[in-house]
file query-v3.txt (compact mmCIF, C-alpha atoms)
# COMPACT_ATOMS: atom_id res chain seq x y z
CA MET A 29 67.40 -31.81 -79.88
CA ALA A 30 69.92 -33.99 -81.72
CA PHE A 31 70.37 -37.37 -80.08
CA ALA A 32 72.71 -40.34 -80.21
CA LEU A 33 72.05 -44.00 -79.53
CA VAL A 34 74.83 -45.90 -77.77
CA PHE A 35 75.21 -49.62 -77.20
CA PRO A 36 76.62 -51.36 -74.11
CA GLY A 37 79.23 -54.09 -74.11
CA GLN A 38 80.15 -56.87 -71.72
CA GLY A 39 79.01 -56.48 -68.14
CA SER A 40 75.41 -55.44 -68.80
CA GLN A 41 74.17 -58.99 -69.35
CA SER A 42 71.88 -60.69 -66.82
CA VAL A 43 69.46 -63.60 -66.78
CA GLY A 44 66.11 -62.34 -68.06
CA MET A 45 67.72 -59.20 -69.45
CA MET A 46 65.05 -58.75 -72.14
CA ASP A 47 62.04 -59.68 -69.97
CA GLY A 48 61.12 -56.01 -69.63
CA TYR A 49 60.04 -56.03 -73.26
CA GLY A 50 57.41 -58.70 -72.59
CA ASN A 51 56.60 -60.88 -75.57
CA SER A 52 57.54 -58.25 -78.14
CA PRO A 53 57.61 -59.93 -81.57
CA ILE A 54 60.32 -57.49 -82.68
CA ILE A 55 62.62 -58.57 -79.86
CA ARG A 56 61.90 -62.25 -80.38
CA ASP A 57 62.46 -62.01 -84.14
CA VAL A 58 65.90 -60.47 -83.65
CA PHE A 59 66.89 -63.22 -81.23
CA ALA A 60 65.55 -65.84 -83.66
CA GLU A 61 67.65 -64.34 -86.46
CA ALA A 62 70.75 -64.38 -84.25
CA SER A 63 70.09 -67.93 -83.08
CA GLU A 64 69.83 -69.12 -86.67
CA ALA A 65 73.09 -67.37 -87.58
CA LEU A 66 74.86 -68.95 -84.62
CA GLY A 67 73.16 -72.36 -84.54
CA GLU A 68 72.31 -71.89 -80.86
CA ASP A 69 69.19 -70.73 -78.99
CA LEU A 70 70.21 -67.30 -77.68
CA TRP A 71 66.72 -66.46 -76.41
CA GLN A 72 66.71 -69.47 -74.11
CA MET A 73 70.21 -68.56 -72.92
CA ALA A 74 69.22 -64.95 -72.20
CA SER A 75 65.97 -65.95 -70.50
CA GLU A 76 67.07 -68.95 -68.45
CA GLY A 77 70.82 -68.55 -67.97
CA PRO A 78 72.37 -69.60 -65.70
CA ALA A 79 74.34 -66.43 -65.01
CA GLU A 80 77.64 -68.32 -65.28
CA ARG A 81 76.78 -69.29 -68.84
CA LEU A 82 75.94 -65.71 -69.77
CA ALA A 83 79.22 -64.54 -68.26
CA LEU A 84 81.32 -66.69 -70.61
CA THR A 85 82.84 -64.25 -73.10
CA VAL A 86 81.93 -66.43 -76.08
CA ASN A 87 78.27 -66.16 -75.02
CA THR A 88 78.26 -62.61 -73.64
CA GLN A 89 79.42 -60.99 -76.86
CA PRO A 90 76.76 -62.42 -79.23
CA LEU A 91 74.08 -61.98 -76.54
CA MET A 92 74.87 -58.30 -75.98
CA LEU A 93 75.13 -57.63 -79.72
CA THR A 94 71.70 -59.19 -80.21
CA ALA A 95 70.15 -57.38 -77.25
CA GLY A 96 71.38 -54.02 -78.52
CA VAL A 97 70.13 -54.58 -82.06
CA ALA A 98 66.79 -55.85 -80.70
CA ALA A 99 66.31 -52.72 -78.58
CA TYR A 100 67.20 -50.54 -81.59
CA ARG A 101 64.69 -52.28 -83.85
CA ALA A 102 62.04 -52.02 -81.13
CA TRP A 103 62.77 -48.28 -80.98
CA LEU A 104 62.27 -47.88 -84.73
CA ALA A 105 59.13 -50.04 -84.70
CA ALA A 106 57.62 -47.87 -81.95
CA GLY A 107 58.09 -44.76 -84.07
CA GLY A 108 61.49 -43.65 -82.84
CA SER A 109 63.54 -41.72 -85.38
CA LYS A 110 67.04 -42.57 -86.50
CA PRO A 111 69.72 -40.89 -84.40
CA ALA A 112 72.20 -38.30 -85.60
CA LEU A 113 75.01 -40.55 -84.40
CA VAL A 114 75.64 -43.99 -82.92
CA ALA A 115 78.47 -45.42 -80.83
CA GLY A 116 79.14 -48.47 -78.70
CA HIS A 117 81.28 -49.28 -75.69
CA SER A 118 83.82 -51.92 -76.77
CA LEU A 119 81.71 -54.80 -78.13
CA GLY A 120 78.80 -52.35 -78.41
CA GLU A 121 80.53 -50.77 -81.41
CA TYR A 122 79.49 -53.83 -83.42
CA SER A 123 75.85 -53.21 -82.47
CA ALA A 124 76.31 -49.58 -83.53
CA LEU A 125 77.68 -50.65 -86.91
CA VAL A 126 74.69 -52.96 -87.43
CA ALA A 127 72.31 -50.13 -86.53
CA ALA A 128 74.13 -47.86 -88.99
CA GLY A 129 73.79 -50.39 -91.80
CA ALA A 130 77.55 -50.97 -92.07
CA LEU A 131 77.41 -54.58 -90.86
CA VAL A 132 74.75 -57.15 -91.74
CA PHE A 133 73.35 -58.53 -88.50
CA ALA A 134 73.59 -62.16 -89.62
CA ASP A 135 77.29 -61.59 -90.34
CA ALA A 136 77.93 -59.72 -87.10
CA VAL A 137 76.68 -62.48 -84.77
CA PRO A 138 79.25 -65.15 -85.72
CA LEU A 139 81.87 -62.40 -86.10
CA VAL A 140 81.58 -61.32 -82.48
CA ARG A 141 81.65 -64.92 -81.29
CA PHE A 142 84.92 -65.31 -83.22
CA ARG A 143 86.15 -62.08 -81.62
CA ALA A 144 85.28 -63.44 -78.19
CA GLN A 145 87.09 -66.72 -78.82
CA ALA A 146 90.17 -64.91 -80.13
CA MET A 147 90.26 -62.62 -77.11
CA GLN A 148 89.74 -65.49 -74.68
CA GLU A 149 92.51 -67.55 -76.27
CA ALA A 150 95.01 -64.68 -76.50
CA VAL A 151 96.08 -65.02 -72.86
CA PRO A 152 96.17 -68.26 -70.81
CA GLU A 153 93.52 -68.29 -68.10
CA GLY A 154 94.74 -66.78 -64.86
CA GLU A 155 97.66 -64.87 -66.38
CA GLY A 156 95.79 -61.66 -67.11
CA ALA A 157 93.46 -59.44 -65.08
CA MET A 158 91.43 -56.24 -65.09
CA ALA A 159 90.71 -53.90 -62.21
CA ALA A 160 88.53 -50.84 -61.66
CA LEU A 161 90.23 -47.82 -60.10
CA MET A 162 87.94 -45.22 -58.54
CA GLY A 163 88.86 -41.67 -57.65
CA LEU A 164 91.93 -41.05 -59.81
CA ASP A 165 92.22 -39.11 -63.06
CA ILE A 166 93.74 -40.62 -66.18
CA ASP A 167 97.19 -39.11 -65.63
CA GLU A 168 97.32 -40.55 -62.11
CA VAL A 169 96.22 -43.96 -63.41
CA ARG A 170 98.86 -43.91 -66.13
CA ALA A 171 101.51 -42.95 -63.59
CA ALA A 172 100.44 -45.80 -61.31
CA CYS A 173 100.62 -48.28 -64.19
CA ALA A 174 104.05 -47.02 -65.28
CA GLU A 175 105.37 -47.39 -61.75
CA ALA A 176 103.89 -50.87 -61.35
CA ALA A 177 104.76 -52.33 -64.75
CA GLN A 178 108.31 -53.57 -64.02
CA GLY A 179 108.56 -54.79 -67.59
CA ASP A 180 105.05 -56.31 -67.68
CA VAL A 181 102.01 -55.09 -69.61
CA VAL A 182 99.56 -52.99 -67.59
CA GLY A 183 97.66 -49.89 -68.64
CA ALA A 184 94.36 -48.07 -68.89
CA ALA A 185 91.81 -50.18 -70.75
CA ASN A 186 88.42 -48.52 -70.26
CA LEU A 187 88.27 -44.76 -69.71
CA ASN A 188 84.66 -44.91 -68.58
CA ALA A 189 83.98 -41.71 -66.66
CA PRO A 190 85.84 -39.17 -64.54
CA GLY A 191 87.29 -41.07 -61.60
CA GLN A 192 86.23 -44.44 -63.04
CA ILE A 193 88.97 -46.09 -65.08
CA VAL A 194 89.62 -49.79 -65.69
CA ILE A 195 93.14 -51.13 -66.12
CA ALA A 196 94.23 -54.40 -67.73
CA GLY A 197 97.36 -56.46 -68.20
CA VAL A 198 99.46 -59.18 -66.62
CA LYS A 199 97.77 -60.17 -63.36
CA ALA A 200 100.78 -59.50 -61.13
CA ALA A 201 101.29 -56.07 -62.70
CA VAL A 202 97.60 -55.21 -62.34
CA GLU A 203 97.78 -56.12 -58.65
CA ARG A 204 100.89 -53.96 -58.23
CA ALA A 205 99.13 -51.08 -59.98
CA MET A 206 96.15 -51.44 -57.65
CA LYS A 207 98.48 -51.08 -54.66
CA VAL A 208 100.24 -48.04 -56.16
CA ALA A 209 96.87 -46.48 -57.07
CA SER A 210 95.65 -46.89 -53.50
CA GLU A 211 98.80 -45.21 -52.26
CA LYS A 212 98.15 -42.33 -54.71
CA GLY A 213 94.68 -41.80 -53.23
CA ALA A 214 92.34 -44.09 -55.17
CA LYS A 215 89.06 -44.49 -53.29
CA ARG A 216 88.72 -48.08 -54.46
CA ALA A 217 90.76 -50.58 -56.46
CA VAL A 218 88.81 -53.73 -57.31
CA LEU A 219 89.70 -56.77 -59.41
CA LEU A 220 86.97 -57.45 -61.98
CA PRO A 221 85.48 -60.92 -62.58
CA VAL A 222 86.51 -61.13 -66.24
CA SER A 223 88.00 -64.03 -68.16
CA ALA A 224 90.68 -62.08 -70.06
CA PRO A 225 92.55 -58.72 -69.93
CA PHE A 226 90.65 -56.89 -72.65
CA HIS A 227 91.79 -53.70 -74.42
CA CYS A 228 95.48 -53.91 -73.65
CA ALA A 229 98.61 -54.99 -75.56
CA LEU A 230 98.09 -58.61 -74.48
CA MET A 231 95.18 -58.71 -76.93
CA LYS A 232 97.38 -58.15 -80.00
CA PRO A 233 97.27 -61.85 -80.99
CA ALA A 234 93.46 -61.58 -80.93
CA ALA A 235 93.63 -58.41 -83.04
CA GLU A 236 95.74 -60.24 -85.64
CA ARG A 237 93.19 -63.06 -85.87
CA LEU A 238 90.38 -60.53 -86.06
CA HIS A 239 92.17 -58.75 -88.92
CA GLU A 240 92.08 -61.96 -90.96
CA ARG A 241 88.42 -62.64 -90.17
CA LEU A 242 87.26 -59.08 -90.85
CA ALA A 243 88.84 -59.26 -94.31
CA THR A 244 86.14 -61.82 -95.18
CA VAL A 245 83.20 -59.81 -93.81
CA LYS A 246 81.34 -57.32 -95.95
CA ILE A 247 81.26 -53.78 -94.51
CA ALA A 248 79.24 -51.05 -96.20
CA ARG A 249 79.42 -47.28 -95.88
CA PRO A 250 77.40 -46.42 -92.74
CA GLU A 251 74.03 -44.75 -93.21
CA ILE A 252 74.41 -43.13 -89.77
CA ASP A 253 77.62 -41.63 -88.39
CA VAL A 254 79.45 -44.09 -86.11
CA LEU A 255 81.86 -42.63 -83.56
CA ASN A 256 84.48 -45.28 -82.93
CA ASN A 257 86.24 -46.16 -79.66
CA VAL A 258 89.84 -46.28 -80.72
CA ASP A 259 90.23 -42.89 -82.42
CA VAL A 260 87.06 -41.10 -81.22
CA ALA A 261 86.48 -40.51 -84.93
CA ILE A 262 83.88 -41.12 -87.60
CA GLN A 263 84.96 -43.25 -90.56
CA TYR A 264 83.03 -43.97 -93.74
CA ALA A 265 85.41 -46.12 -95.79
CA PRO A 266 84.96 -49.86 -95.09
CA GLU A 267 88.71 -50.45 -94.86
CA LYS A 268 89.10 -47.72 -92.25
CA ILE A 269 86.21 -49.20 -90.25
CA ARG A 270 87.87 -52.63 -90.37
CA ASP A 271 91.16 -51.14 -89.25
CA ALA A 272 89.53 -49.39 -86.30
CA LEU A 273 87.81 -52.61 -85.20
CA VAL A 274 91.10 -54.50 -85.34
CA ARG A 275 92.96 -51.88 -83.29
CA GLN A 276 90.06 -51.59 -80.84
CA ALA A 277 90.67 -55.09 -79.49
CA SER A 278 94.06 -54.17 -78.02
CA SER A 279 93.52 -50.44 -77.40
CA PRO A 280 91.74 -48.49 -74.66
CA VAL A 281 88.02 -47.70 -74.90
CA ARG A 282 87.99 -43.89 -74.87
CA TRP A 283 84.44 -43.42 -73.60
CA ILE A 284 84.98 -40.13 -71.74
CA GLU A 285 86.30 -38.54 -74.92
CA SER A 286 83.52 -40.12 -76.96
CA VAL A 287 80.73 -38.52 -74.93
CA THR A 288 82.63 -35.21 -74.86
CA GLU A 289 82.91 -35.38 -78.66
CA MET A 290 79.18 -36.07 -78.97
CA ALA A 291 78.46 -32.95 -76.93
CA ALA A 292 80.85 -30.95 -79.13
CA ARG A 293 78.92 -32.15 -82.18
CA GLY A 294 75.66 -30.79 -80.75
CA ILE A 295 74.26 -34.03 -79.32
CA GLY A 296 71.99 -33.10 -76.43
CA ARG A 297 70.70 -36.54 -75.50
CA VAL A 298 72.50 -39.89 -75.39
CA ILE A 299 70.24 -42.93 -75.15
CA GLU A 300 71.56 -46.35 -74.20
CA CYS A 301 70.14 -49.09 -76.38
CA GLY A 302 69.98 -52.45 -74.62
CA PRO A 303 69.80 -53.99 -71.15
CA GLY A 304 71.13 -52.05 -68.18
CA LYS A 305 71.79 -48.37 -67.56
CA VAL A 306 75.58 -48.34 -67.32
CA LEU A 307 76.28 -45.98 -70.22
CA ALA A 308 73.42 -43.67 -69.25
CA ALA A 309 74.96 -43.23 -65.80
CA MET A 310 78.42 -42.63 -67.32
CA THR A 311 77.00 -40.02 -69.68
CA ARG A 312 75.61 -37.98 -66.81
CA ARG A 313 78.98 -38.11 -65.04
CA ILE A 314 80.95 -37.10 -68.14
CA SER A 315 78.96 -34.12 -69.43
CA LYS A 316 76.46 -31.82 -67.78
CA ASP A 317 75.40 -30.68 -71.25
CA VAL A 318 74.10 -34.09 -72.32
CA GLU A 319 71.04 -35.92 -71.00
CA GLY A 320 71.43 -39.65 -70.45
CA GLY A 321 68.66 -42.21 -70.83
CA SER A 322 68.18 -45.89 -71.60
CA LEU A 323 65.90 -48.22 -73.56
CA HIS A 324 66.20 -51.11 -71.12
CA ASP A 325 62.55 -52.15 -71.29
CA ALA A 326 59.25 -51.31 -73.03
CA ALA A 327 58.27 -48.72 -70.41
CA SER A 328 61.54 -46.76 -70.67
CA LEU A 329 61.28 -46.83 -74.47
CA GLU A 330 57.75 -45.38 -74.38
CA GLN A 331 58.78 -42.77 -71.80
CA ILE A 332 61.70 -41.50 -73.88
CA LEU A 333 59.58 -41.48 -77.03
CA ALA A 334 56.95 -39.37 -75.25
CA GLU A 335 59.57 -36.97 -73.89
CA MET A 336 61.12 -36.47 -77.31
CA LYS A 337 57.76 -35.92 -79.00
CA ALA A 338 56.97 -33.27 -76.40
CA GLU A 339 60.17 -31.31 -77.06
call {"tool": "encode", "arguments": {"input": "query-v3.txt", "output": "structure tokens"}}
result
Amino acid sequence: MAFALVFPGQGSQSVGMMDGYGNSPIIRDVFAEASEALGEDLWQMASEGPAERLALTVNTQPLMLTAGVAAYRAWLAAGGSKPALVAGHSLGEYSALVAAGALVFADAVPLVRFRAQAMQEAVPEGEGAMAALMGLDIDEVRAACAEAAQGDVVGAANLNAPGQIVIAGVKAAVERAMKVASEKGAKRAVLLPVSAPFHCALMKPAAERLHERLATVKIARPEIDVLNNVDVAIQYAPEKIRDALVRQASSPVRWIESVTEMAARGIGRVIECGPGKVLAAMTRRISKDVEGGSLHDAASLEQILAEMKAE
């Protein structure tokens, strides 16, 4: 059965998030490499927190990149084969590009910290917001945002799973959209504890800064197909990969379509690579034809390896 490895983004971090791997030298070596590239002890941060420190975007992004790459290298070291395809949710796309050999890990760590800083600084604190809307389809969400905009930016930001869509934009417009969505039958409308309105037009200043930074970063032709967020497409040319990463910052994460596309390409199993099980749960909600799993600790890694060897 063809399988894909996918990498989570912000929101899956937690204090002790790599403890389930014990004292794995593979995991520790990856964190040591990242810490050297960043000039900061990421292992201590991941292990000891506090949670508020992990939740800062400038810390979350390099931590989650490192955790995803560490889980991937642990998978390979345990005898796991390379996947037919990789993808990542938002920030996780950078982990996917490292796994595919397109980005050098030591380059990617400071790059995602820069990305985080650019995104954080794009909108003054308190002016933007994100909210999760449950129970509406994408057309209903778009209609709610259009009705609530009143000249402000608000729109779908993360198309995570059927009936689970995140919106982002100007805080007042997001709050109006939540009210309209509830009136249209949303089961829940909840503001998210995030520091910036990611993946909407307010992030265009961050995308412009990222464009300049990415021009200085070496990107190679991927050794594994990478399905990107912004176009739900696979690109091989470094310039096209750069362009997709730039546009990703201010465009919706099209995760529903991504998993659907994986299924259309014959992927029968999607395995989440890193802490948490968020993408695995989304996969099961999106497609009944694709199995979801996660490599969130040493035991889950060994279990999935055994299952795949038995197939």
call {"tool": "atom_distance", "arguments": {"input": "query-v3.txt", "atom1": "atom CA of A:Gln276", "atom2": "atom CA of A:Ile195"}}
result
15.0 Å
call {"tool": "residues_around", "arguments": {"input": "query-v3.txt", "residues": "A:Cys173", "least_positions_apart": "5", "cutoff": "6 Å", "atoms": "all atoms listed in the file", "output": "number ranges by chain"}}
result
A: 182-183, 205
call {"tool": "write_last_selection", "arguments": {"input": "query-v3.txt", "atoms": "C-alpha atoms", "output": "tab-separated table (two decimals), in the coordinates of the input"}}
result
chain	number	residue	atom	x	y	z
A	182	VAL	CA	99.56	-52.99	-67.59
A	183	GLY	CA	97.66	-49.89	-68.64
A	205	ALA	CA	99.13	-51.08	-59.98
call {"tool": "residues_around", "arguments": {"input": "query-v3.txt", "residues": "A:Met147", "least_positions_apart": "5", "cutoff": "10 Å", "atoms": "all atoms listed in the file", "output": "CSV table (one decimal) with C-alpha atoms, in the frame of the given file"}}
result
chain,number,residue,atom,x,y,z
A,85,THR,CA,82.8,-64.2,-73.1
A,86,VAL,CA,81.9,-66.4,-76.1
A,141,ARG,CA,81.6,-64.9,-81.3
A,142,PHE,CA,84.9,-65.3,-83.2
A,223,SER,CA,88.0,-64.0,-68.2
A,224,ALA,CA,90.7,-62.1,-70.1
A,225,PRO,CA,92.6,-58.7,-69.9
A,226,PHE,CA,90.6,-56.9,-72.6
A,227,HIS,CA,91.8,-53.7,-74.4
A,230,LEU,CA,98.1,-58.6,-74.5
A,231,MET,CA,95.2,-58.7,-76.9
A,232,LYS,CA,97.4,-58.2,-80.0
A,233,PRO,CA,97.3,-61.8,-81.0
A,234,ALA,CA,93.5,-61.6,-80.9
A,235,ALA,CA,93.6,-58.4,-83.0
A,237,ARG,CA,93.2,-63.1,-85.9
A,238,LEU,CA,90.4,-60.5,-86.1
A,277,ALA,CA,90.7,-55.1,-79.5
A,278,SER,CA,94.1,-54.2,-78.0
call {"tool": "residues_around", "arguments": {"input": "query-v3.txt", "residues": "A:His239", "least_positions_apart": "5", "cutoff": "8 Å", "atoms": "only C-alpha atoms", "output": "ChimeraX atom specification"}}
result
/A:270-271,274
call {"tool": "closest_residue", "arguments": {"input": "query-v3.txt", "among": "A:Ala83, A:Ala291, A:Ala99, A:Ala176", "to": "A:Gly48", "atoms": "only C-alpha atoms"}}
result
A:Ala99
call {"tool": "residues_around", "arguments": {"input": "query-v3.txt", "residues": "stretch 127-139 of chain A", "least_positions_apart": "2", "cutoff": "9 Å", "atoms": "all atoms listed in the file", "output": "mmCIF file with C-alpha atoms, keeping the file's coordinate frame"}}
result
data_model
loop_
_atom_site.group_PDB
_atom_site.id
_atom_site.type_symbol
_atom_site.label_atom_id
_atom_site.label_comp_id
_atom_site.auth_asym_id
_atom_site.auth_seq_id
_atom_site.Cartn_x
_atom_site.Cartn_y
_atom_site.Cartn_z
ATOM 1 C CA GLU A 61 67.650 -64.340 -86.460
ATOM 2 C CA ALA A 62 70.750 -64.380 -84.250
ATOM 3 C CA SER A 63 70.090 -67.930 -83.080
ATOM 4 C CA GLU A 64 69.830 -69.120 -86.670
ATOM 5 C CA ALA A 65 73.090 -67.370 -87.580
ATOM 6 C CA LEU A 66 74.860 -68.950 -84.620
ATOM 7 C CA GLN A 89 79.420 -60.990 -76.860
ATOM 8 C CA PRO A 90 76.760 -62.420 -79.230
ATOM 9 C CA LEU A 91 74.080 -61.980 -76.540
ATOM 10 C CA LEU A 93 75.130 -57.630 -79.720
ATOM 11 C CA THR A 94 71.700 -59.190 -80.210
ATOM 12 C CA GLY A 96 71.380 -54.020 -78.520
ATOM 13 C CA VAL A 97 70.130 -54.580 -82.060
ATOM 14 C CA TYR A 100 67.200 -50.540 -81.590
ATOM 15 C CA ARG A 101 64.690 -52.280 -83.850
ATOM 16 C CA LEU A 113 75.010 -40.550 -84.400
ATOM 17 C CA VAL A 114 75.640 -43.990 -82.920
ATOM 18 C CA TYR A 122 79.490 -53.830 -83.420
ATOM 19 C CA SER A 123 75.850 -53.210 -82.470
ATOM 20 C CA ALA A 124 76.310 -49.580 -83.530
ATOM 21 C CA LEU A 125 77.680 -50.650 -86.910
ATOM 22 C CA ARG A 141 81.650 -64.920 -81.290
ATOM 23 C CA PHE A 142 84.920 -65.310 -83.220
ATOM 24 C CA ARG A 143 86.150 -62.080 -81.620
ATOM 25 C CA ALA A 144 85.280 -63.440 -78.190
ATOM 26 C CA LEU A 238 90.380 -60.530 -86.060
ATOM 27 C CA ARG A 241 88.420 -62.640 -90.170
ATOM 28 C CA LEU A 242 87.260 -59.080 -90.850
ATOM 29 C CA VAL A 245 83.200 -59.810 -93.810
ATOM 30 C CA LYS A 246 81.340 -57.320 -95.950
ATOM 31 C CA ILE A 247 81.260 -53.780 -94.510
ATOM 32 C CA ALA A 248 79.240 -51.050 -96.200
ATOM 33 C CA ARG A 249 79.420 -47.280 -95.880
ATOM 34 C CA PRO A 250 77.400 -46.420 -92.740
ATOM 35 C CA GLU A 251 74.030 -44.750 -93.210
ATOM 36 C CA ILE A 252 74.410 -43.130 -89.770
ATOM 37 C CA ASP A 253 77.620 -41.630 -88.390
ATOM 38 C CA VAL A 254 79.450 -44.090 -86.110
ATOM 39 C CA PRO A 266 84.960 -49.860 -95.090
#
call {"tool": "residues_around", "arguments": {"input": "query-v3.txt", "residues": "stretch 162-168 of chain A", "least_positions_apart": "2", "cutoff": "8 Å", "atoms": "only C-alpha atoms", "output": "number ranges by chain"}}
result
A: 160, 170-172, 184, 187, 190-193, 209, 212-217
call {"tool": "write_last_selection", "arguments": {"input": "query-v3.txt", "atoms": "C-alpha atoms", "output": "PDB file, in the coordinates of the input"}}
result
ATOM      1  CA  ALA A 160      88.530 -50.840 -61.660  1.00  0.00           C
ATOM      2  CA  ARG A 170      98.860 -43.910 -66.130  1.00  0.00           C
ATOM      3  CA  ALA A 171     101.510 -42.950 -63.590  1.00  0.00           C
ATOM      4  CA  ALA A 172     100.440 -45.800 -61.310  1.00  0.00           C
ATOM      5  CA  ALA A 184      94.360 -48.070 -68.890  1.00  0.00           C
ATOM      6  CA  LEU A 187      88.270 -44.760 -69.710  1.00  0.00           C
ATOM      7  CA  PRO A 190      85.840 -39.170 -64.540  1.00  0.00           C
ATOM      8  CA  GLY A 191      87.290 -41.070 -61.600  1.00  0.00           C
ATOM      9  CA  GLN A 192      86.230 -44.440 -63.040  1.00  0.00           C
ATOM     10  CA  ILE A 193      88.970 -46.090 -65.080  1.00  0.00           C
ATOM     11  CA  ALA A 209      96.870 -46.480 -57.070  1.00  0.00           C
ATOM     12  CA  LYS A 212      98.150 -42.330 -54.710  1.00  0.00           C
ATOM     13  CA  GLY A 213      94.680 -41.800 -53.230  1.00  0.00           C
ATOM     14  CA  ALA A 214      92.340 -44.090 -55.170  1.00  0.00           C
ATOM     15  CA  LYS A 215      89.060 -44.490 -53.290  1.00  0.00           C
ATOM     16  CA  ARG A 216      88.720 -48.080 -54.460  1.00  0.00           C
ATOM     17  CA  ALA A 217      90.760 -50.580 -56.460  1.00  0.00           C
TER      18      ALA A 217
END
call {"tool": "closest_residue", "arguments": {"input": "query-v3.txt", "among": "A:Val202, A:Ser109, A:Val151, A:Ala338", "to": "A:Ala30", "atoms": "all atoms listed in the file"}}
result
A:Ser109
call {"tool": "atom_distance", "arguments": {"input": "query-v3.txt", "atom1": "atom CA of A:Ala112", "atom2": "atom CA of A:Arg56"}}
result
26.6 Å
call {"tool": "atom_distance", "arguments": {"input": "query-v3.txt", "atom1": "atom CA of A:Ile314", "atom2": "atom CA of A:Thr288"}}
result
7.2 Å
call {"tool": "closest_residue", "arguments": {"input": "query-v3.txt", "among": "A:Lys110, A:His117, A:Lys207, A:Lys199", "to": "A:Glu153", "atoms": "all atoms listed in the file"}}
result
A:Lys199
call {"tool": "closest_residue", "arguments": {"input": "query-v3.txt", "among": "A:Lys337, A:Lys316, A:Arg81, A:Lys305", "to": "A:Met29", "atoms": "all atoms listed in the file"}}
result
A:Lys337
call {"tool": "closest_residue", "arguments": {"input": "query-v3.txt", "among": "A:Val287, A:Ile295, A:Ala201, A:Ile332", "to": "A:Ser315", "atoms": "all atoms listed in the file"}}
result
A:Val287
call {"tool": "closest_residue", "arguments": {"input": "query-v3.txt", "among": "A:Gln145, A:Leu220, A:Gly154, A:Ile269", "to": "A:Leu84", "atoms": "all atoms listed in the file"}}
result
A:Gln145
